[in-house]
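Undergrad: Got upload.pdb for you, PDB, C-alpha atoms:
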ATOM      1  CA  MET A   2     -58.746 -29.720  13.700
ATOM      2  CA  VAL A   3     -58.380 -26.670  11.456
ATOM      3  CA  ASP A   4     -57.484 -27.397   7.888
ATOM      4  CA  LYS A   5     -54.285 -25.543   7.072
ATOM      5  CA  ASN A   6     -54.889 -25.796   3.344
ATOM      6  CA  LEU A   7     -57.900 -23.547   3.360
ATOM      7  CA  PRO A   8     -58.292 -21.260   0.345
ATOM      8  CA  VAL A   9     -57.236 -17.621   0.748
ATOM      9  CA  PHE A  10     -59.475 -14.819  -0.385
ATOM     10  CA  VAL A  11     -58.175 -11.323  -0.866
ATOM     11  CA  LYS A  12     -60.286  -8.244  -1.100
ATOM     12  CA  ILE A  13     -60.518  -6.837  -4.596
ATOM     13  CA  ASN A  14     -59.394  -3.404  -3.364
ATOM     14  CA  ASP A  15     -56.328  -4.839  -1.766
ATOM     15  CA  TYR A  16     -55.569  -7.099  -4.681
ATOM     16  CA  LYS A  17     -54.362  -4.293  -6.912
ATOM     17  CA  GLU A  18     -52.190  -2.958  -4.152
ATOM     18  CA  VAL A  19     -50.764  -6.415  -3.621
ATOM     19  CA  LEU A  20     -49.886  -6.597  -7.309
ATOM     20  CA  ASP A  21     -48.171  -3.216  -7.097
ATOM     21  CA  ILE A  22     -46.233  -4.313  -4.051
ATOM     22  CA  VAL A  23     -45.148  -7.451  -5.839
ATOM     23  CA  ASP A  24     -43.930  -5.324  -8.745
ATOM     24  CA  VAL A  25     -41.939  -3.113  -6.407
ATOM     25  CA  MET A  26     -40.485  -6.162  -4.725
ATOM     26  CA  LYS A  27     -39.430  -7.580  -8.078
ATOM     27  CA  GLN A  28     -37.749  -4.321  -8.984
ATOM     28  CA  LYS A  29     -35.976  -4.145  -5.658
ATOM     29  CA  LEU A  30     -34.843  -7.736  -5.977
ATOM     30  CA  LYS A  31     -33.400  -7.006  -9.390
ATOM     31  CA  GLU A  32     -31.573  -3.987  -8.020
ATOM     32  CA  THR A  33     -30.265  -6.034  -5.127
ATOM     33  CA  THR A  34     -28.969  -8.710  -7.481
ATOM     34  CA  GLN A  35     -27.193  -6.109  -9.588
ATOM     35  CA  THR A  36     -25.610  -4.561  -6.516
ATOM     36  CA  LEU A  37     -24.482  -7.964  -5.341
ATOM     37  CA  ASP A  38     -22.894  -8.668  -8.708
ATOM     38  CA  LYS A  39     -21.068  -5.358  -8.589
ATOM     39  CA  ILE A  40     -19.793  -6.075  -5.085
ATOM     40  CA  ARG A  41     -18.608  -9.481  -6.262
ATOM     41  CA  GLU A  42     -16.727  -7.867  -9.167
ATOM     42  CA  LEU A  43     -15.147  -5.344  -6.824
ATOM     43  CA  LYS A  44     -14.081  -8.123  -4.518
ATOM     44  CA  ALA A  45     -12.438  -9.959  -7.396
ATOM     45  CA  GLU A  46     -10.672  -6.757  -8.421
ATOM     46  CA  GLU A  47      -9.519  -6.253  -4.859
ATOM     47  CA  ASP A  48      -8.144  -9.776  -4.780
ATOM     48  CA  ARG A  49      -6.281  -9.147  -8.024
ATOM     49  CA  GLU A  50      -4.761  -5.953  -6.648
ATOM     50  CA  LEU A  51      -3.708  -7.741  -3.500
ATOM     51  CA  GLN A  52      -2.069 -10.474  -5.542
ATOM     52  CA  GLU A  53      -0.212  -7.897  -7.597
ATOM     53  CA  TRP A  54       0.853  -6.195  -4.401
ATOM     54  CA  GLU A  55       2.180  -9.428  -3.001
ATOM     55  CA  LYS A  56       4.050 -10.140  -6.230
ATOM     56  CA  ASN A  57       5.676  -6.695  -6.177
ATOM     57  CA  ILE A  58       6.692  -7.085  -2.566
ATOM     58  CA  THR A  59       8.261 -10.464  -3.282
ATOM     59  CA  ASP A  60      10.148  -8.992  -6.227
ATOM     60  CA  ILE A  61      11.446  -6.057  -4.178
ATOM     61  CA  SER A  62      12.503  -8.354  -1.378
ATOM     62  CA  ARG A  63      14.408 -10.589  -3.817
ATOM     63  CA  ARG A  64      16.246  -7.675  -5.382
ATOM     64  CA  LEU A  65      17.070  -6.096  -2.056
ATOM     65  CA  SER A  66      18.410  -9.344  -0.673
ATOM     66  CA  PHE A  67      20.674  -9.628  -3.724
ATOM     67  CA  ILE A  68      21.976  -6.090  -3.286
ATOM     68  CA  ASP A  69      22.389  -6.660   0.432
ATOM     69  CA  SER A  70      24.400  -9.797  -0.108
ATOM     70  CA  ALA A  71      26.540  -8.045  -2.720
ATOM     71  CA  PHE A  72      27.270  -5.029  -0.541
ATOM     72  CA  PHE A  73      27.758  -6.618   2.816
ATOM     73  CA  GLU A  74      29.044 -10.072   2.119
ATOM     74  CA  ASN A  75      32.385  -9.343   3.745
ATOM     75  CA  GLU A  76      30.946  -7.987   6.937
TER      76      GLU A  76
ATOM     77  CA  MET B  18      30.282 -13.641  -9.615
ATOM     78  CA  ASN B  19      29.333 -10.016  -9.816
ATOM     79  CA  LYS B  20      29.453  -9.746  -6.092
ATOM     80  CA  LYS B  21      33.217  -9.533  -6.098
ATOM     81  CA  LYS B  22      34.455  -6.414  -4.406
ATOM     82  CA  THR B  23      37.620  -5.147  -2.889
ATOM     83  CA  THR B  24      37.974  -3.025   0.161
ATOM     84  CA  THR B  25      41.033  -0.939  -0.338
ATOM     85  CA  GLN B  26      42.416   2.347   0.664
ATOM     86  CA  ALA B  27      42.515   5.290  -1.635
ATOM     87  CA  PRO B  28      45.492   4.085  -3.735
ATOM     88  CA  LYS B  29      43.341   1.383  -5.339
ATOM     89  CA  ARG B  30      40.467   3.466  -6.631
ATOM     90  CA  ASP B  31      39.091   3.547 -10.085
ATOM     91  CA  ILE B  32      38.829   6.688 -12.116
ATOM     92  CA  ALA B  33      35.070   7.237 -12.008
ATOM     93  CA  SER B  34      34.713   7.019  -8.233
ATOM     94  CA  ILE B  35      37.701   9.230  -7.609
ATOM     95  CA  ILE B  36      36.621  11.898 -10.044
ATOM     96  CA  ASP B  37      33.149  11.924  -8.480
ATOM     97  CA  ALA B  38      34.710  12.552  -5.119
ATOM     98  CA  VAL B  39      37.055  15.245  -6.276
ATOM     99  CA  LYS B  40      35.888  18.844  -6.368
ATOM    100  CA  PRO B  41      34.732  20.041  -9.767
ATOM    101  CA  GLU B  42      37.606  22.438 -10.128
ATOM    102  CA  LEU B  43      40.018  19.606  -9.577
ATOM    103  CA  LYS B  44      38.500  17.429 -12.274
ATOM    104  CA  ALA B  45      40.910  18.874 -14.788
ATOM    105  CA  PRO B  46      43.827  16.624 -15.474
ATOM    106  CA  ILE B  47      46.338  18.349 -13.329
ATOM    107  CA  LYS B  48      49.522  16.496 -12.710
ATOM    108  CA  GLN B  49      51.406  18.985 -10.633
ATOM    109  CA  PRO B  50      50.471  20.936  -7.531
ATOM    110  CA  ILE B  51      48.214  23.759  -8.484
ATOM    111  CA  LYS B  52      49.441  27.209  -7.857
ATOM    112  CA  ILE B  53      46.405  29.358  -7.330
ATOM    113  CA  PRO B  54      47.277  32.906  -8.253
ATOM    114  CA  GLU B  55      45.786  35.742  -6.285
ATOM    115  CA  LYS B  56      43.126  37.779  -7.994
ATOM    116  CA  LYS B  57      44.670  40.773  -9.529
ATOM    117  CA  SER B  58      43.240  43.998  -8.292
ATOM    118  CA  ILE B  59      43.785  47.284  -9.979
ATOM    119  CA  PRO B  60      46.634  48.951  -8.097
ATOM    120  CA  ALA B  61      46.389  52.513  -7.017
ATOM    121  CA  LYS B  62      48.556  55.016  -8.724
ATOM    122  CA  ASN B  63      52.158  55.249  -7.475
ATOM    123  CA  VAL B  64      51.610  52.277  -5.180
ATOM    124  CA  LYS B  65      53.338  49.087  -5.988
ATOM    125  CA  PRO B  66      51.582  46.017  -4.638
ATOM    126  CA  LEU B  67      53.661  43.650  -2.587
ATOM    127  CA  PRO B  68      54.274  40.353  -4.285
ATOM    128  CA  MET B  69      51.960  37.816  -2.665
ATOM    129  CA  LYS B  70      53.067  34.282  -2.155
ATOM    130  CA  PRO B  71      50.535  32.075  -3.901
ATOM    131  CA  GLU B  72      48.849  29.369  -1.841
ATOM    132  CA  VAL B  73      49.702  25.865  -2.797
ATOM    133  CA  LYS B  74      47.161  23.142  -2.109
ATOM    134  CA  THR B  75      48.601  19.975  -0.706
ATOM    135  CA  LEU B  76      47.637  17.108  -2.907
ATOM    136  CA  VAL B  77      48.186  13.424  -2.700
ATOM    137  CA  LYS B  78      49.212  11.487  -5.710
ATOM    138  CA  ILE B  79      47.394   8.224  -6.075
ATOM    139  CA  PRO B  80      48.253   5.702  -8.716
ATOM    140  CA  ILE B  81      45.347   4.919 -10.966
ATOM    141  CA  LYS B  82      44.189   1.371 -11.165
ATOM    142  CA  PRO B  83      42.614   0.796 -14.531
ATOM    143  CA  ALA B  84      39.042  -0.545 -14.175
ATOM    144  CA  ILE B  85      37.832  -3.531 -16.132
ATOM    145  CA  ASN B  86      35.052  -1.586 -17.761
ATOM    146  CA  PRO B  87      35.942   1.980 -17.037
ATOM    147  CA  ALA B  88      33.161   4.438 -17.613
ATOM    148  CA  PRO B  89      34.017   7.181 -20.070
ATOM    149  CA  VAL B  90      35.202  10.153 -18.109
ATOM    150  CA  LYS B  91      34.515  13.538 -19.526
ATOM    151  CA  ILE B  92      37.102  16.026 -18.422
ATOM    152  CA  VAL B  93      36.348  19.607 -19.180
ATOM    153  CA  ASP B  94      39.322  21.731 -19.897
ATOM    154  CA  LYS B  95      38.599  24.728 -17.753
ATOM    155  CA  THR B  96      41.643  26.602 -18.879
ATOM    156  CA  VAL B  97      39.720  27.802 -21.941
ATOM    157  CA  ALA B  98      37.012  29.344 -19.767
ATOM    158  CA  GLU B  99      39.570  30.847 -17.466
ATOM    159  CA  LYS B 100      41.249  32.447 -20.397
ATOM    160  CA  LYS B 101      38.054  34.243 -21.260
ATOM    161  CA  VAL B 102      37.582  35.577 -17.753
ATOM    162  CA  LEU B 103      41.148  36.508 -16.927
ATOM    163  CA  PRO B 104      42.873  38.850 -19.284
ATOM    164  CA  VAL B 105      46.304  37.794 -18.080
ATOM    165  CA  LYS B 106      47.479  34.524 -19.430
ATOM    166  CA  PRO B 107      48.424  32.073 -16.735
ATOM    167  CA  ALA B 108      51.831  30.543 -16.749
ATOM    168  CA  PRO B 109      51.884  27.460 -18.909
ATOM    169  CA  ILE B 110      51.735  24.314 -16.820
ATOM    170  CA  VAL B 111      53.793  21.457 -18.009
ATOM    171  CA  ARG B 112      51.652  18.371 -17.781
ATOM    172  CA  LYS B 113      52.577  14.837 -18.208
ATOM    173  CA  SER B 114      50.206  12.461 -19.870
ATOM    174  CA  ARG B 115      48.087  10.162 -17.677
ATOM    175  CA  LYS B 116      49.594   7.093 -19.161
ATOM    176  CA  GLU B 117      53.061   8.386 -18.460
ATOM    177  CA  ASN B 118      52.420   9.358 -14.886
ATOM    178  CA  ASN B 119      49.575   6.961 -14.054
ATOM    179  CA  THR B 120      48.487   9.053 -11.080
ATOM    180  CA  ILE B 121      45.670  11.386 -10.174
ATOM    181  CA  ASP B 122      45.709  14.210  -7.690
ATOM    182  CA  ILE B 123      43.067  14.367  -5.022
ATOM    183  CA  PRO B 124      43.043  16.654  -1.995
ATOM    184  CA  ILE B 125      43.715  15.280   1.483
ATOM    185  CA  GLU B 126      40.221  16.131   2.786
ATOM    186  CA  HIS B 127      38.829  13.455   0.465
ATOM    187  CA  GLU B 128      40.897  10.744   2.058
ATOM    188  CA  ALA B 129      38.409   7.999   2.843
ATOM    189  CA  TYR B 130      37.701   4.354   2.243
ATOM    190  CA  PHE B 131      35.819   3.343  -0.857
ATOM    191  CA  VAL B 132      34.321   0.058  -1.890
ATOM    192  CA  TYR B 133      34.858  -1.067  -5.395
ATOM    193  CA  LEU B 134      31.740  -2.437  -7.061
ATOM    194  CA  LYS B 135      32.373  -4.434 -10.114
ATOM    195  CA  ASN B 136      29.077  -3.818 -11.901
ATOM    196  CA  PRO B 137      27.670  -0.534 -10.656
ATOM    197  CA  LEU B 138      25.235  -0.300 -13.524
ATOM    198  CA  GLU B 139      23.640  -3.548 -12.507
ATOM    199  CA  TYR B 140      23.180  -2.389  -8.913
ATOM    200  CA  ARG B 141      21.753   0.901 -10.071
ATOM    201  CA  LYS B 142      19.351  -0.979 -12.273
ATOM    202  CA  TYR B 143      18.309  -3.200  -9.382
ATOM    203  CA  LEU B 144      17.763  -0.248  -7.091
ATOM    204  CA  LEU B 145      15.715   1.555  -9.704
ATOM    205  CA  GLU B 146      13.603  -1.535 -10.200
ATOM    206  CA  CYS B 147      13.097  -1.724  -6.449
ATOM    207  CA  SER B 148      11.901   1.876  -6.442
ATOM    208  CA  LYS B 149       9.606   1.039  -9.321
ATOM    209  CA  GLY B 150       8.192  -1.881  -7.368
ATOM    210  CA  VAL B 151       7.575   0.292  -4.332
ATOM    211  CA  LEU B 152       5.742   2.792  -6.502
ATOM    212  CA  PHE B 153       3.663  -0.022  -7.963
ATOM    213  CA  CYS B 154       2.775  -1.081  -4.438
ATOM    214  CA  LEU B 155       1.709   2.433  -3.556
ATOM    215  CA  ARG B 156      -0.402   2.567  -6.689
ATOM    216  CA  SER B 157      -2.001  -0.741  -5.751
ATOM    217  CA  HIS B 158      -2.725   0.650  -2.309
ATOM    218  CA  GLN B 159      -4.487   3.654  -3.773
ATOM    219  CA  LYS B 160      -6.458   1.399  -6.099
ATOM    220  CA  LEU B 161      -7.430  -0.801  -3.161
ATOM    221  CA  LEU B 162      -8.648   2.210  -1.220
ATOM    222  CA  LEU B 163     -10.803   3.259  -4.153
ATOM    223  CA  ILE B 164     -12.160  -0.268  -4.599
ATOM    224  CA  ARG B 165     -12.996  -0.540  -0.922
ATOM    225  CA  GLN B 166     -14.757   2.784  -0.999
ATOM    226  CA  LYS B 167     -16.810   1.605  -3.977
ATOM    227  CA  LYS B 168     -17.517  -1.654  -2.187
ATOM    228  CA  LEU B 169     -18.720   0.166   0.903
ATOM    229  CA  GLU B 170     -20.999   2.291  -1.232
ATOM    230  CA  GLY B 171     -22.356  -0.864  -2.883
ATOM    231  CA  MET B 172     -22.934  -2.489   0.490
ATOM    232  CA  GLU B 173     -24.762   0.578   1.718
ATOM    233  CA  ARG B 174     -26.968   0.439  -1.391
ATOM    234  CA  LEU B 175     -27.573  -3.241  -0.776
ATOM    235  CA  ARG B 176     -28.554  -2.546   2.808
ATOM    236  CA  THR B 177     -31.039   0.074   1.659
ATOM    237  CA  CYS B 178     -32.463  -2.359  -0.897
ATOM    238  CA  VAL B 179     -32.887  -5.067   1.711
ATOM    239  CA  LYS B 180     -34.589  -2.651   4.075
ATOM    240  CA  GLU B 181     -36.971  -1.608   1.345
ATOM    241  CA  LEU B 182     -37.636  -5.241   0.546
ATOM    242  CA  LEU B 183     -38.446  -5.905   4.175
ATOM    243  CA  TYR B 184     -40.812  -2.970   4.225
ATOM    244  CA  THR B 185     -42.608  -4.071   1.063
ATOM    245  CA  ASN B 186     -42.782  -7.600   2.414
ATOM    246  CA  LYS B 187     -44.416  -6.299   5.539
ATOM    247  CA  LYS B 188     -46.925  -4.352   3.465
ATOM    248  CA  PHE B 189     -47.584  -7.441   1.415
ATOM    249  CA  ASN B 190     -48.296  -9.454   4.528
ATOM    250  CA  GLU B 191     -50.643  -6.772   5.757
ATOM    251  CA  LYS B 192     -52.725  -7.042   2.631
ATOM    252  CA  LEU B 193     -53.086 -10.771   2.922
ATOM    253  CA  PRO B 194     -55.847 -12.130   5.163
ATOM    254  CA  LYS B 195     -54.895 -12.709   8.756
ATOM    255  CA  TYR B 196     -55.037 -16.064  10.392
ATOM    256  CA  ASN B 197     -55.101 -16.629  14.079
ATOM    257  CA  MET B 198     -51.907 -18.350  15.028
ATOM    258  CA  THR B 199     -52.871 -18.515  18.694
ATOM    259  CA  PHE B 200     -55.992 -20.381  17.702
ATOM    260  CA  LEU B 201     -53.901 -23.000  15.940
ATOM    261  CA  GLU B 202     -51.472 -23.219  18.791
ATOM    262  CA  ASN B 203     -54.078 -23.516  21.513
ATOM    263  CA  GLN B 204     -55.810 -26.516  20.060
ATOM    264  CA  PRO B 205     -56.400 -28.894  22.956
ATOM    265  CA  ALA B 206     -54.105 -31.842  22.722
ATOM    266  CA  LYS B 207     -55.785 -35.145  23.224
ATOM    267  CA  ILE B 208     -54.611 -36.591  26.468
ATOM    268  CA  GLN B 209     -54.869 -40.301  26.704
ATOM    269  CA  ILE B 210     -55.006 -41.513  30.231
ATOM    270  CA  LYS B 211     -54.340 -45.111  30.738
ATOM    271  CA  GLU B 212     -56.751 -47.006  32.805
ATOM    272  CA  GLY B 213     -55.713 -47.715  36.349
ATOM    273  CA  THR B 214     -53.421 -44.726  36.627
ATOM    274  CA  THR B 215     -54.198 -41.719  38.710
ATOM    275  CA  LEU B 216     -53.234 -38.169  38.128
ATOM    276  CA  SER B 217     -50.177 -37.144  40.040
ATOM    277  CA  LYS B 218     -50.647 -35.017  43.049
ATOM    278  CA  THR B 219     -50.200 -31.394  42.618
ATOM    279  CA  VAL B 220     -46.787 -30.407  43.713
ATOM    280  CA  GLN B 221     -46.728 -27.621  46.173
ATOM    281  CA  LYS B 222     -44.726 -24.805  44.884
ATOM    282  CA  LYS B 223     -42.042 -23.485  47.141
ATOM    283  CA  PRO B 224     -42.045 -19.787  47.722
ATOM    284  CA  THR B 225     -39.310 -18.241  45.696
ATOM    285  CA  ALA B 226     -37.559 -14.955  46.079
ATOM    286  CA  PRO B 227     -39.006 -12.194  43.953
ATOM    287  CA  ILE B 228     -36.985 -11.745  40.796
ATOM    288  CA  LEU B 229     -35.750  -8.256  40.283
ATOM    289  CA  LYS B 230     -36.444  -7.081  36.807
ATOM    290  CA  GLU B 231     -33.529  -5.572  34.991
ATOM    291  CA  PRO B 232     -34.091  -2.199  33.453
ATOM    292  CA  ALA B 233     -35.194  -2.639  29.865
ATOM    293  CA  ARG B 234     -32.453  -1.802  27.418
ATOM    294  CA  GLU B 235     -32.876  -1.008  23.808
ATOM    295  CA  LYS B 236     -32.518  -3.903  21.427
ATOM    296  CA  THR B 237     -29.805  -3.758  18.892
ATOM    297  CA  GLU B 238     -30.472  -4.144  15.187
ATOM    298  CA  LEU B 239     -29.035  -7.647  15.258
ATOM    299  CA  GLU B 240     -31.254  -8.704  18.147
ATOM    300  CA  LYS B 241     -34.307  -7.338  16.394
ATOM    301  CA  LEU B 242     -33.457  -9.238  13.245
ATOM    302  CA  GLU B 243     -32.823 -12.443  15.159
ATOM    303  CA  GLU B 244     -36.136 -12.048  16.931
ATOM    304  CA  SER B 245     -38.051 -11.584  13.694
ATOM    305  CA  LEU B 246     -36.217 -14.550  12.199
ATOM    306  CA  ALA B 247     -37.169 -16.741  15.144
ATOM    307  CA  ASN B 248     -40.750 -15.583  14.772
ATOM    308  CA  ILE B 249     -40.852 -16.549  11.099
ATOM    309  CA  GLU B 250     -39.261 -19.919  11.806
ATOM    310  CA  HIS B 251     -41.871 -20.546  14.480
ATOM    311  CA  LYS B 252     -44.637 -19.743  12.021
ATOM    312  CA  LEU B 253     -43.099 -22.049   9.426
ATOM    313  CA  ARG B 254     -42.879 -24.877  11.924
ATOM    314  CA  ASN B 255     -46.553 -24.423  12.717
ATOM    315  CA  LEU B 256     -47.498 -24.542   9.067
ATOM    316  CA  GLN B 257     -45.718 -27.832   8.470
TER     317      GLN B 257
END
For this file, produce the structure as structure tokens.

TA:
Amino acid sequence: MVDKNLPVFVKINDYKEVLDIVDVMKQKLKETTQTLDKIRELKAEEDRELQEWEKNITDISRRLSFIDSAFFENE
Amino acid sequence: MNKKKTTTQAPKRDIASIIDAVKPELKAPIKQPIKIPEKKSIPAKNVKPLPMKPEVKTLVKIPIKPAINPAPVKIVDKTVAEKKVLPVKPAPIVRKSRKENNTIDIPIEHEAYFVYLKNPLEYRKYLLECSKGVLFCLRSHQKLLLIRQKKLEGMERLRTCVKELLYTNKKFNEKLPKYNMTFLENQPAKIQIKEGTTLSKTVQKKPTAPILKEPAREKTELEKLEESLANIEHKLRNLQ
């Protein structure tokens, strides 16, 4: 059987490149996290706007129903 | 209740609604039929103009029903303005007071049904608030459009970031030493054959119809991603 826990050796030339790549990956991950946070904030804002919209619509509907009943109650 | 209303004919109107309906020139408190004099033109010399019979507008007298909260009615006395324009003084019109007569003159062409609303200010207020609400909704809609646009931009940025991460990850894997997965997979499994048992006879394969290969179609992005995901999961399972 082959031992899966064998040590890994990386060439010294490649090692520096690997470190650079890891740095880039870290930076990209940070950027991704920030973008995700921003999207989450925008989603919350969107939800708030939708709630406000719903509230306005309910208010308009209530007022209109009152006016309707006042104007056309004898019909 | 404020909803109380009365559907009546013209005789039961209130002052504000009637005056709104009446023409502006008839807003003056005229109690008698108006005699509209003909415009005086300058007569030619030695020619006497024939006396014209002035037109008399037919008016209907409607008794005024005093409103509960009558709105203040501003009646402009146009006779003053007329005096400035016309050099000839019109014949003095004898007018009775409103209280004395309790009627208002409106022309016949304005004969129509009106609905009396007890609290018009309240209804106006409600309608204005409704309009305000609709405008708020429109504003919310515009805000939502902007937010969605920003969100789409953010998602596009996120997609780019993820793609770049995938690329760097691939590069990272390239730099690491390779290991032969096929070698690990093709390790001969130890087959334990019990004593006294014989290997089953080889089953003759029946000839099958040749399978027609479908023309290769391009993989979608989702299929590619699923494939790479399955590949990684397979590798992980092997490592465990």

Undergrad: Taking the file as shown, find all residues satisfying the PyMOL selection byres ((chain A) within 6 of (chain B)) and write them as a ChimeraX atom specification.

TA: /A:33,40,50,54,57,61,71

Undergrad: Just the number, please: distance in Å from CA of Phe67 in chain A to CA of Lys142 in chain B, one decimal.

TA: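 Answer for the CA of Phe67 in chain A to CA of Lys142 in chain B separation: 12.2 Å.
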
Undergrad: Work out how far CA of Arg64 in chain A is from CA of Lys135 in chain B, in Å to one decimal.

TA: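 One can read the CA of Lys135 in chain B to CA of Arg64 in chain A distance as 17.1 Å.
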
Undergrad: Rounded to one decimal in Å, what is the spacing between CA of Leu145 in chain B and CA of Leu65 in chain A?

TA: 10.9 Å

Undergrad: How big is the axis-aligned box around all listed atoms of range 149-158 of chain B once 5 Å goes on each side, and where's its centre, in Å to one decimal, as lines of an AutoDock Vina configuration file?

TA:
center_x = 3.4
center_y = 0.5
center_z = -5.8
size_x = 22.3
size_y = 14.7
size_z = 17.0
